[in-house]
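Shown next: input.txt, containing compact mmCIF, C-alpha atoms.
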# COMPACT_ATOMS: atom_id res chain seq x y z
CA MET J 1 -28.01 -3.56 6.34
CA TYR J 2 -24.92 -1.37 6.04
CA LEU J 3 -25.52 2.25 5.04
CA ALA J 4 -22.41 4.35 4.45
CA ASN J 5 -21.81 7.55 6.37
CA GLU J 6 -23.25 10.41 4.32
CA GLN J 7 -20.39 12.71 5.41
CA ARG J 8 -17.69 10.26 4.35
CA TYR J 9 -16.09 12.57 1.79
CA GLU J 10 -15.91 15.69 3.92
CA LYS J 11 -12.58 15.14 5.72
CA MET J 12 -10.58 12.91 3.37
CA LEU J 13 -8.00 14.41 1.01
CA TYR J 14 -7.89 12.99 -2.52
CA ASN J 15 -4.73 13.26 -4.62
CA ARG J 16 -4.31 12.84 -8.34
CA VAL J 17 -2.14 9.85 -9.34
CA GLY J 18 0.62 11.35 -11.46
CA LYS J 19 -0.85 12.87 -14.62
CA SER J 20 -3.73 10.38 -14.79
CA GLY J 21 -7.36 11.18 -14.20
CA LEU J 22 -7.52 8.96 -11.12
CA LYS J 23 -7.54 10.31 -7.58
CA LEU J 24 -6.77 8.21 -4.51
CA PRO J 25 -7.46 8.98 -0.86
CA ALA J 26 -4.34 10.24 0.89
CA ILE J 27 -4.65 7.20 3.17
CA SER J 28 -5.65 3.83 1.71
CA LEU J 29 -6.33 0.52 3.45
CA GLY J 30 -4.01 -2.39 2.73
CA LEU J 31 -5.19 -5.94 3.42
CA TRP J 32 -1.77 -7.61 3.61
CA HIS J 33 -2.24 -8.47 7.30
CA ASN J 34 -5.36 -8.93 9.44
CA PHE J 35 -7.73 -10.12 6.69
CA GLY J 36 -6.84 -13.79 6.34
CA ASP J 37 -8.69 -16.87 7.51
CA VAL J 38 -6.72 -16.74 10.77
CA ASP J 39 -8.33 -13.38 11.61
CA ASN J 40 -11.79 -12.61 12.98
CA PHE J 41 -14.18 -11.90 10.12
CA GLY J 42 -16.39 -9.61 12.20
CA THR J 43 -13.40 -7.38 12.97
CA GLN J 44 -12.41 -7.35 9.31
CA ARG J 45 -15.89 -6.20 8.37
CA GLU J 46 -15.88 -3.44 11.00
CA ILE J 47 -12.51 -2.14 9.75
CA VAL J 48 -13.58 -2.03 6.10
CA GLN J 49 -16.87 -0.32 6.95
CA ALA J 50 -15.09 2.23 9.16
CA ALA J 51 -12.56 2.90 6.42
CA PHE J 52 -15.23 3.67 3.84
CA ASP J 53 -17.22 5.70 6.37
CA ASN J 54 -14.12 7.89 6.74
CA GLY J 55 -13.60 8.43 3.03
CA ILE J 56 -11.10 5.64 2.34
CA THR J 57 -12.23 4.52 -1.09
CA HIS J 58 -9.16 2.45 -1.98
CA PHE J 59 -8.67 -1.13 -0.79
CA ASP J 60 -5.37 -2.77 -1.77
CA LEU J 61 -4.98 -6.55 -2.05
CA ALA J 62 -2.80 -9.17 -3.73
CA ASN J 63 -3.34 -12.77 -4.75
CA ASN J 64 -1.17 -14.12 -1.91
CA TYR J 65 -2.52 -12.02 0.97
CA GLY J 66 -3.86 -14.03 3.89
CA PRO J 67 -2.92 -16.37 5.40
CA ALA J 68 -3.88 -18.66 3.79
CA ALA J 69 -2.88 -17.21 0.42
CA GLY J 70 -6.01 -15.98 -1.34
CA SER J 71 -8.12 -15.73 1.81
CA ALA J 72 -7.86 -11.92 2.08
CA GLU J 73 -9.46 -11.60 -1.36
CA ILE J 74 -12.15 -14.12 -0.45
CA ASN J 75 -12.95 -12.30 2.80
CA PHE J 76 -12.93 -8.90 1.13
CA GLY J 77 -15.18 -10.27 -1.60
CA ARG J 78 -17.66 -11.37 1.05
CA ILE J 79 -17.61 -7.92 2.67
CA LEU J 80 -18.05 -6.35 -0.74
CA LYS J 81 -21.03 -8.56 -1.56
CA GLU J 82 -22.73 -8.11 1.82
CA ASP J 83 -21.98 -4.43 2.47
CA LEU J 84 -20.23 -2.42 -0.24
CA LEU J 85 -21.65 -3.68 -3.54
CA PRO J 86 -24.08 -0.73 -3.86
CA TYR J 87 -21.02 1.54 -3.65
CA ARG J 88 -18.83 -0.33 -6.16
CA ASP J 89 -18.46 2.69 -8.45
CA GLU J 90 -17.14 4.73 -5.51
CA LEU J 91 -14.39 2.20 -4.79
CA ILE J 92 -10.88 1.63 -6.07
CA ILE J 93 -9.98 -2.05 -5.64
CA SER J 94 -6.51 -3.28 -6.56
CA SER J 95 -4.75 -6.61 -6.67
CA LYS J 96 -1.35 -7.93 -7.73
CA ALA J 97 0.49 -10.96 -9.07
CA GLY J 98 4.16 -11.76 -8.71
CA TYR J 99 4.89 -13.71 -5.54
CA TYR J 100 4.44 -17.45 -5.04
CA MET J 101 0.82 -18.52 -5.28
CA TRP J 102 0.58 -22.12 -6.51
CA PRO J 103 3.01 -25.02 -7.12
CA GLY J 104 4.76 -25.67 -10.37
CA PRO J 105 6.59 -23.43 -12.85
CA TYR J 106 3.61 -21.13 -13.56
CA GLY J 107 2.70 -20.09 -10.02
CA GLU J 108 4.82 -16.97 -9.49
CA TRP J 109 6.90 -14.18 -11.12
CA GLY J 110 5.91 -12.34 -14.29
CA SER J 111 5.09 -14.60 -17.22
CA ARG J 112 2.00 -13.98 -19.33
CA LYS J 113 0.71 -17.37 -18.17
CA TYR J 114 0.96 -16.45 -14.48
CA ILE J 115 -0.18 -12.81 -14.70
CA ILE J 116 -3.36 -13.56 -16.64
CA ALA J 117 -4.27 -16.71 -14.70
CA SER J 118 -3.67 -14.91 -11.41
CA CYS J 119 -5.91 -11.98 -12.34
CA GLU J 120 -8.69 -14.41 -13.31
CA GLN J 121 -8.36 -16.16 -9.94
CA SER J 122 -8.39 -12.87 -8.02
CA LEU J 123 -11.55 -11.71 -9.79
CA LYS J 124 -13.29 -14.98 -8.92
CA ARG J 125 -12.22 -14.81 -5.27
CA MET J 126 -13.56 -11.27 -4.91
CA GLY J 127 -16.65 -11.79 -7.08
CA LEU J 128 -15.70 -8.96 -9.42
CA ASP J 129 -15.83 -8.42 -13.16
CA TYR J 130 -12.82 -6.10 -12.99
CA VAL J 131 -10.37 -4.48 -10.61
CA ASP J 132 -9.44 -0.83 -10.81
CA ILE J 133 -5.66 -1.37 -10.63
CA PHE J 134 -3.72 -4.55 -11.30
CA TYR J 135 -0.01 -4.68 -10.48
CA SER J 136 3.03 -6.67 -11.39
CA HIS J 137 4.00 -7.31 -7.76
CA ARG J 138 7.72 -7.73 -8.42
CA PRO J 139 10.03 -7.76 -11.43
CA ASP J 140 10.91 -11.16 -12.86
CA PRO J 141 14.63 -11.59 -13.61
CA ASP J 142 13.92 -14.38 -16.10
CA THR J 143 10.98 -12.93 -18.04
CA PRO J 144 11.38 -10.03 -20.49
CA LEU J 145 9.68 -6.85 -19.31
CA GLU J 146 7.87 -6.78 -22.66
CA GLU J 147 6.09 -10.03 -21.84
CA THR J 148 4.94 -8.81 -18.42
CA ALA J 149 3.86 -5.47 -19.91
CA LEU J 150 1.92 -7.12 -22.74
CA ALA J 151 0.12 -9.38 -20.25
CA LEU J 152 -0.97 -6.38 -18.18
CA ASP J 153 -1.98 -4.53 -21.35
CA GLN J 154 -4.11 -7.51 -22.38
CA LEU J 155 -5.96 -7.39 -19.05
CA VAL J 156 -6.84 -3.75 -19.71
CA ARG J 157 -8.04 -4.51 -23.24
CA GLN J 158 -10.16 -7.39 -21.91
CA GLY J 159 -11.81 -5.07 -19.38
CA LYS J 160 -10.40 -6.92 -16.38
CA THR J 161 -8.53 -3.90 -15.01
CA LEU J 162 -8.86 -0.18 -15.62
CA TYR J 163 -5.25 0.77 -14.82
CA VAL J 164 -1.99 -1.07 -14.31
CA GLY J 165 0.92 -0.56 -11.97
CA VAL J 166 4.17 -2.06 -10.74
CA SER J 167 5.51 -2.73 -7.27
CA ASN J 168 9.05 -3.26 -5.99
CA TYR J 169 10.57 -2.22 -9.35
CA SER J 170 13.82 -0.24 -9.37
CA ALA J 171 14.05 3.20 -10.94
CA GLU J 172 15.69 1.71 -14.04
CA GLN J 173 13.11 -1.07 -14.40
CA THR J 174 10.28 1.43 -13.95
CA ALA J 175 11.64 3.69 -16.68
CA GLU J 176 12.10 0.72 -19.01
CA ILE J 177 8.61 -0.70 -18.58
CA ALA J 178 7.10 2.80 -18.75
CA LYS J 179 8.55 3.15 -22.25
CA ILE J 180 6.91 -0.12 -23.30
CA PHE J 181 3.56 0.89 -21.83
CA ARG J 182 3.77 4.28 -23.53
CA GLU J 183 4.21 2.60 -26.91
CA LEU J 184 1.27 0.28 -26.17
CA LYS J 185 -0.83 3.20 -24.86
CA THR J 186 -1.51 1.18 -21.69
CA PRO J 187 -2.88 3.20 -18.74
CA PHE J 188 0.19 2.63 -16.57
CA ILE J 189 -0.18 5.16 -13.77
CA ILE J 190 1.26 3.96 -10.46
CA HIS J 191 4.17 2.40 -8.59
CA GLN J 192 3.82 0.80 -5.15
CA PRO J 193 7.17 0.94 -3.34
CA ARG J 194 8.16 0.38 0.26
CA TYR J 195 8.95 3.77 1.80
CA ASN J 196 9.38 5.11 5.31
CA MET J 197 11.82 7.17 7.38
CA PHE J 198 14.08 4.14 7.81
CA ASP J 199 13.94 3.06 4.16
CA ARG J 200 14.27 6.02 1.79
CA TRP J 201 15.49 4.19 -1.30
CA ILE J 202 12.93 5.76 -3.63
CA GLU J 203 14.64 9.13 -3.17
CA ASP J 204 17.72 7.79 -5.02
CA GLY J 205 16.22 7.95 -8.49
CA LEU J 206 12.72 6.46 -8.42
CA THR J 207 10.90 9.67 -7.50
CA ASP J 208 12.66 11.40 -10.40
CA VAL J 209 11.53 8.67 -12.80
CA LEU J 210 7.96 8.90 -11.51
CA ALA J 211 7.93 12.68 -12.01
CA ASP J 212 9.47 12.42 -15.48
CA GLU J 213 7.00 9.72 -16.58
CA GLY J 214 3.94 11.37 -15.02
CA LEU J 215 3.41 8.47 -12.62
CA GLY J 216 2.22 8.48 -9.02
CA ALA J 217 3.24 6.38 -6.03
CA ILE J 218 1.32 4.66 -3.26
CA THR J 219 3.72 3.67 -0.51
CA PHE J 220 3.58 0.61 1.71
CA SER J 221 5.10 -0.04 5.14
CA PRO J 222 5.09 3.68 6.03
CA LEU J 223 5.38 2.84 9.73
CA ALA J 224 8.27 0.39 9.27
CA GLN J 225 6.35 -2.60 10.65
CA GLY J 226 5.35 -0.60 13.73
CA MET J 227 8.81 0.80 14.58
CA LEU J 228 7.55 4.30 13.73
CA THR J 229 4.74 4.16 16.28
CA ASN J 230 4.54 4.39 20.06
CA ARG J 231 4.65 0.57 20.24
CA TYR J 232 8.37 0.35 21.02
CA LEU J 233 9.13 3.67 22.71
CA ASN J 234 9.84 1.93 26.01
CA GLY J 235 11.31 -1.31 24.69
CA ILE J 236 9.88 -4.47 23.15
CA PRO J 237 6.58 -5.72 24.62
CA ASN J 238 6.20 -9.48 24.96
CA ASP J 239 3.07 -9.48 22.78
CA SER J 240 4.64 -7.43 19.97
CA ARG J 241 5.41 -8.55 16.41
CA ALA J 242 9.12 -8.02 17.04
CA HIS J 243 8.99 -10.49 19.93
CA SER J 244 7.05 -13.09 17.94
CA GLY J 245 9.84 -14.09 15.58
CA SER J 246 8.39 -12.27 12.58
CA PRO J 247 10.63 -12.50 9.48
CA PHE J 248 9.80 -8.85 8.74
CA LEU J 249 10.67 -7.37 12.14
CA THR J 250 13.29 -8.58 14.63
CA GLU J 251 14.20 -7.49 18.13
CA GLU J 252 17.60 -6.42 16.76
CA ASN J 253 15.89 -4.09 14.25
CA VAL J 254 13.92 -2.44 17.01
CA GLN J 255 16.82 -2.12 19.48
CA ALA J 256 18.94 -0.37 16.84
CA THR J 257 16.33 2.34 16.34
CA LEU J 258 15.07 3.02 19.89
CA ASP J 259 17.07 6.20 20.44
CA VAL J 260 16.17 7.63 17.05
CA VAL J 261 12.50 6.71 17.47
CA ASN J 262 12.33 8.54 20.80
CA GLN J 263 13.87 11.66 19.27
CA LEU J 264 11.37 11.53 16.40
CA ASN J 265 8.58 11.09 18.93
CA THR J 266 9.68 14.26 20.74
CA LEU J 267 9.45 16.20 17.48
CA ALA J 268 6.04 14.69 16.71
CA LYS J 269 4.73 15.86 20.09
CA LYS J 270 5.87 19.40 19.27
CA ARG J 271 3.80 19.15 16.08
CA GLY J 272 0.78 18.01 18.07
CA GLN J 273 0.97 14.52 16.56
CA THR J 274 1.76 10.98 17.52
CA LEU J 275 4.87 9.46 15.96
CA ALA J 276 2.71 7.36 13.61
CA GLU J 277 0.74 10.42 12.47
CA MET J 278 3.96 12.31 11.72
CA ALA J 279 5.45 9.31 9.88
CA LEU J 280 2.39 9.06 7.62
CA ALA J 281 2.38 12.80 6.97
CA TRP J 282 6.11 12.65 6.18
CA ASN J 283 5.40 10.09 3.41
CA LEU J 284 2.80 12.41 1.90
CA ARG J 285 5.22 15.34 1.74
CA GLN J 286 6.68 13.69 -1.38
CA PRO J 287 5.09 15.33 -4.46
CA THR J 288 4.83 12.01 -6.33
CA VAL J 289 3.19 10.14 -3.42
CA ALA J 290 -0.56 10.18 -3.97
CA SER J 291 -1.48 7.81 -1.14
CA VAL J 292 -0.05 5.92 1.81
CA LEU J 293 -1.12 2.36 2.61
CA ILE J 294 -1.92 1.54 6.20
CA GLY J 295 -2.89 -1.73 7.83
CA ALA J 296 -5.24 -2.04 10.77
CA SER J 297 -6.09 -4.79 13.24
CA ARG J 298 -8.90 -2.81 14.87
CA VAL J 299 -11.08 0.22 14.11
CA SER J 300 -9.42 2.42 16.73
CA GLN J 301 -6.03 1.90 15.06
CA LEU J 302 -7.50 2.96 11.72
CA GLU J 303 -9.08 6.06 13.25
CA ASP J 304 -5.81 7.00 14.99
CA ASN J 305 -3.90 6.85 11.69
CA LEU J 306 -6.47 9.02 9.95
CA LYS J 307 -5.57 11.83 12.34
CA ALA J 308 -2.38 12.28 10.33
CA LEU J 309 -4.49 14.26 7.86
CA ASN J 310 -4.96 16.99 10.47
CA ASN J 311 -1.37 18.20 9.98
CA LEU J 312 0.37 17.39 6.69
CA THR J 313 2.57 20.49 6.54
CA PHE J 314 6.25 20.46 7.53
CA SER J 315 8.41 23.54 7.94
CA PRO J 316 11.91 23.45 6.39
CA ASP J 317 13.31 23.40 9.92
CA GLU J 318 11.22 20.34 10.88
CA LEU J 319 12.37 18.47 7.78
CA ASP J 320 15.98 19.36 8.62
CA GLN J 321 15.50 18.09 12.17
CA ILE J 322 14.08 14.79 10.88
CA ASP J 323 17.00 14.36 8.47
CA ASN J 324 19.48 15.08 11.25
CA ILE J 325 17.84 12.56 13.57
CA LEU J 326 17.73 9.90 10.86
CA SER J 327 21.36 10.49 9.92
CA LYS J 328 22.33 8.98 13.29
CA LEU J 329 21.10 5.61 12.04
CA THR J 330 23.47 5.58 9.08
CA LYS J 331 26.40 6.61 11.30
CA SER J 332 25.80 3.93 13.91

Just give me the structure as structure tokens.
Amino acid sequence: MYLANEQRYEKMLYNRVGKSGLKLPAISLGLWHNFGDVDNFGTQREIVQAAFDNGITHFDLANNYGPAAGSAEINFGRILKEDLLPYRDELIISSKAGYYMWPGPYGEWGSRKYIIASCEQSLKRMGLDYVDIFYSHRPDPDTPLEETALALDQLVRQGKTLYVGVSNYSAEQTAEIAKIFRELKTPFIIHQPRYNMFDRWIEDGLTDVLADEGLGAITFSPLAQGMLTNRYLNGIPNDSRAHSGSPFLTEENVQATLDVVNQLNTLAKKRGQTLAEMALAWNLRQPTVASVLIGASRVSQLEDNLKALNNLTFSPDELDQIDNILSKLTKS
């Protein structure tokens, strides 16, 4: 029987999400990859247990995570039932709806029909009465924001989620839906955007909106699909994601960043960190970023990423150096 580490809260940092009462661990575990039916269940279980033993209380899912779609929630639900159920009130569990999940006109995007049906399905897959955060995974160009907002508000009022959030929304869309939620008095507290050293789009307006609205952020892809790690410092390994034909990471992407990555790695070494540790810490320098989502395919990878918490402070000179290094990407 699994018994959680009694010292699990001693080293983790917990940040308040915007102006809400909720705190998230500075590093959260995302189950986008490595938790589907194609992955070893025993390894999944070890990773989740190790995460909680190290103070990671937040586990982030979505209806379509797998593969197959839905299998990450099923597998996490099994781990929850067998290991973590006694600790349910110590956990923050999130899910999302927005991307393609089932055939026909009601199986994706942001209609009331899809949002509510998807949440019901996610709860059944995980064996839960409620999730802590439920997100609109992407804005729907053909559905009014009011409809999506009202669907999320209904889930709160039905007790199926405690808080709501959005993901992949622009600054303008976030401000617009925040106004609707404010009028409804919905506990809208969080945005989940992609953010890393190579993709800084949130700095062009979204962080200002989050600050103005009292919202927090939890960022995904902080390591740019592995480009901001030591994985590609010496080229592209044959067993790497970039070499596998992944739609999210190509050999061309990696080749274009090799020089910059090596310069960033040199700076990370001076800070006493790996490149990945520095990249995670860099995300957390943003005042509105409450947590950073990491993925893990093994326990050692999870433990390595947690070392980022040992040095979260950047001097003004270090931040200038990072900006100067990154500016070479935009010039090339």

> Separation of atom CA of J:Gly107 and atom CA of J:Gly127, in Å?
Replying inline: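 That distance, rounded to one decimal, is 21.3 Å.
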
Counting all atoms listed in the file, which residues of stretch 93-205 of chain J fall within 9 Å of stretch 14-35 of chain J, and what is the closest atom pair for each with its distance in Å at one decimal, ordered by chain and rising number, as JSON lines?
{"residue": "J:Pro187", "atom": "CA", "partner": "J:Ser20", "partner_atom": "CA", "distance": 8.2}
{"residue": "J:Phe188", "atom": "CA", "partner": "J:Ser20", "partner_atom": "CA", "distance": 8.9}
{"residue": "J:Ile189", "atom": "CA", "partner": "J:Ser20", "partner_atom": "CA", "distance": 6.4}
{"residue": "J:Ile190", "atom": "CA", "partner": "J:Val17", "partner_atom": "CA", "distance": 6.9}

> What gap, in Å, lies between atom CA of J:Val164 and atom CA of J:Tyr135?
Replying inline: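 Atom-to-atom, atom CA of J:Val164 and atom CA of J:Tyr135 are spaced 5.6 Å apart.
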
>> Using all atoms listed in the file for the distances, tell me which of J:Tyr163, J:Tyr65, J:Phe314, J:Tyr195 is nearest to J:Phe134.
In response: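 Looking only at the distances to J:Phe134, the closest residue turns out to be J:Tyr163.
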
> Got a sec: who's within 10 Å of J:Gly205, counting only C-alpha atoms, leaving out chain neighbours fewer than 3 positions off, as a PyMOL selection string?
Replying inline: chain J and resi 170-172+201-202+208-210

> Could you pull the residues within 12 Å of J:Gly272, counting all atoms listed in the file, minus those fewer than 4 positions along the same chain, as a list in words?
Replying inline: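 Once the adjacent positions are removed, what remains is Asn265, Thr266, Leu267, Ala268, Ala276, Glu277, Met278, Lys307, Ala308, Asn310, Asn311, Leu312 and Thr313 of chain J.
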
Test item: write stretch 252-281 of chain J with N, CA and C atoms as a short mmCIF file (atom, residue, chain, number, x, y, z; two decimals), in the first residue's frame:
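What follows is the written file part.cif:
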data_model
loop_
_atom_site.label_atom_id
_atom_site.label_comp_id
_atom_site.auth_asym_id
_atom_site.auth_seq_id
_atom_site.Cartn_x
_atom_site.Cartn_y
_atom_site.Cartn_z
N GLU J 252 14.62 20.56 -38.23
CA GLU J 252 14.91 21.94 -38.64
C GLU J 252 14.79 22.89 -37.45
N ASN J 253 13.75 22.67 -36.61
CA ASN J 253 13.59 23.49 -35.40
C ASN J 253 14.83 23.42 -34.53
N VAL J 254 15.31 22.21 -34.32
CA VAL J 254 16.46 22.00 -33.44
C VAL J 254 17.72 22.61 -34.04
N GLN J 255 17.98 22.36 -35.32
CA GLN J 255 19.19 22.87 -35.95
C GLN J 255 19.28 24.39 -35.86
N ALA J 256 18.13 25.06 -35.98
CA ALA J 256 18.11 26.52 -35.96
C ALA J 256 18.44 27.11 -34.60
N THR J 257 18.36 26.28 -33.55
CA THR J 257 18.57 26.81 -32.20
C THR J 257 19.85 26.30 -31.53
N LEU J 258 20.62 25.45 -32.21
CA LEU J 258 21.75 24.79 -31.54
C LEU J 258 22.75 25.78 -30.96
N ASP J 259 23.10 26.80 -31.71
CA ASP J 259 24.08 27.77 -31.22
C ASP J 259 23.55 28.53 -30.00
N VAL J 260 22.32 28.97 -30.08
CA VAL J 260 21.70 29.69 -28.97
C VAL J 260 21.59 28.79 -27.74
N VAL J 261 21.18 27.56 -27.94
CA VAL J 261 21.03 26.62 -26.83
C VAL J 261 22.37 26.40 -26.11
N ASN J 262 23.44 26.29 -26.87
CA ASN J 262 24.75 26.09 -26.24
C ASN J 262 25.19 27.33 -25.46
N GLN J 263 24.86 28.51 -25.95
CA GLN J 263 25.18 29.72 -25.19
C GLN J 263 24.36 29.81 -23.90
N LEU J 264 23.09 29.44 -23.99
CA LEU J 264 22.26 29.41 -22.79
C LEU J 264 22.77 28.37 -21.79
N ASN J 265 23.23 27.25 -22.31
CA ASN J 265 23.77 26.20 -21.44
C ASN J 265 25.01 26.69 -20.68
N THR J 266 25.85 27.48 -21.35
CA THR J 266 27.03 28.04 -20.69
C THR J 266 26.63 28.93 -19.53
N LEU J 267 25.60 29.76 -19.74
CA LEU J 267 25.12 30.62 -18.67
C LEU J 267 24.52 29.80 -17.53
N ALA J 268 23.78 28.76 -17.87
CA ALA J 268 23.19 27.90 -16.85
C ALA J 268 24.25 27.28 -15.96
N LYS J 269 25.35 26.83 -16.58
CA LYS J 269 26.45 26.24 -15.80
C LYS J 269 27.02 27.24 -14.81
N LYS J 270 27.12 28.50 -15.24
CA LYS J 270 27.63 29.54 -14.33
C LYS J 270 26.70 29.74 -13.13
N ARG J 271 25.42 29.47 -13.34
CA ARG J 271 24.44 29.58 -12.26
C ARG J 271 24.37 28.31 -11.40
N GLY J 272 25.15 27.30 -11.79
CA GLY J 272 25.11 26.04 -11.07
C GLY J 272 23.89 25.21 -11.40
N GLN J 273 23.37 25.39 -12.63
CA GLN J 273 22.17 24.69 -13.05
C GLN J 273 22.38 23.99 -14.39
N THR J 274 21.50 23.03 -14.67
CA THR J 274 21.41 22.52 -16.03
C THR J 274 20.60 23.53 -16.84
N LEU J 275 20.63 23.37 -18.15
CA LEU J 275 19.83 24.25 -19.01
C LEU J 275 18.34 24.12 -18.69
N ALA J 276 17.87 22.89 -18.49
CA ALA J 276 16.45 22.68 -18.17
C ALA J 276 16.07 23.37 -16.87
N GLU J 277 16.91 23.24 -15.85
CA GLU J 277 16.63 23.89 -14.57
C GLU J 277 16.52 25.40 -14.74
N MET J 278 17.44 25.99 -15.50
CA MET J 278 17.41 27.43 -15.71
C MET J 278 16.17 27.84 -16.50
N ALA J 279 15.79 27.03 -17.50
CA ALA J 279 14.62 27.35 -18.32
C ALA J 279 13.34 27.33 -17.48
N LEU J 280 13.23 26.39 -16.56
CA LEU J 280 12.06 26.34 -15.69
C LEU J 280 12.04 27.52 -14.73
N ALA J 281 13.21 27.82 -14.16
CA ALA J 281 13.30 28.96 -13.24
C ALA J 281 12.97 30.26 -13.97
#
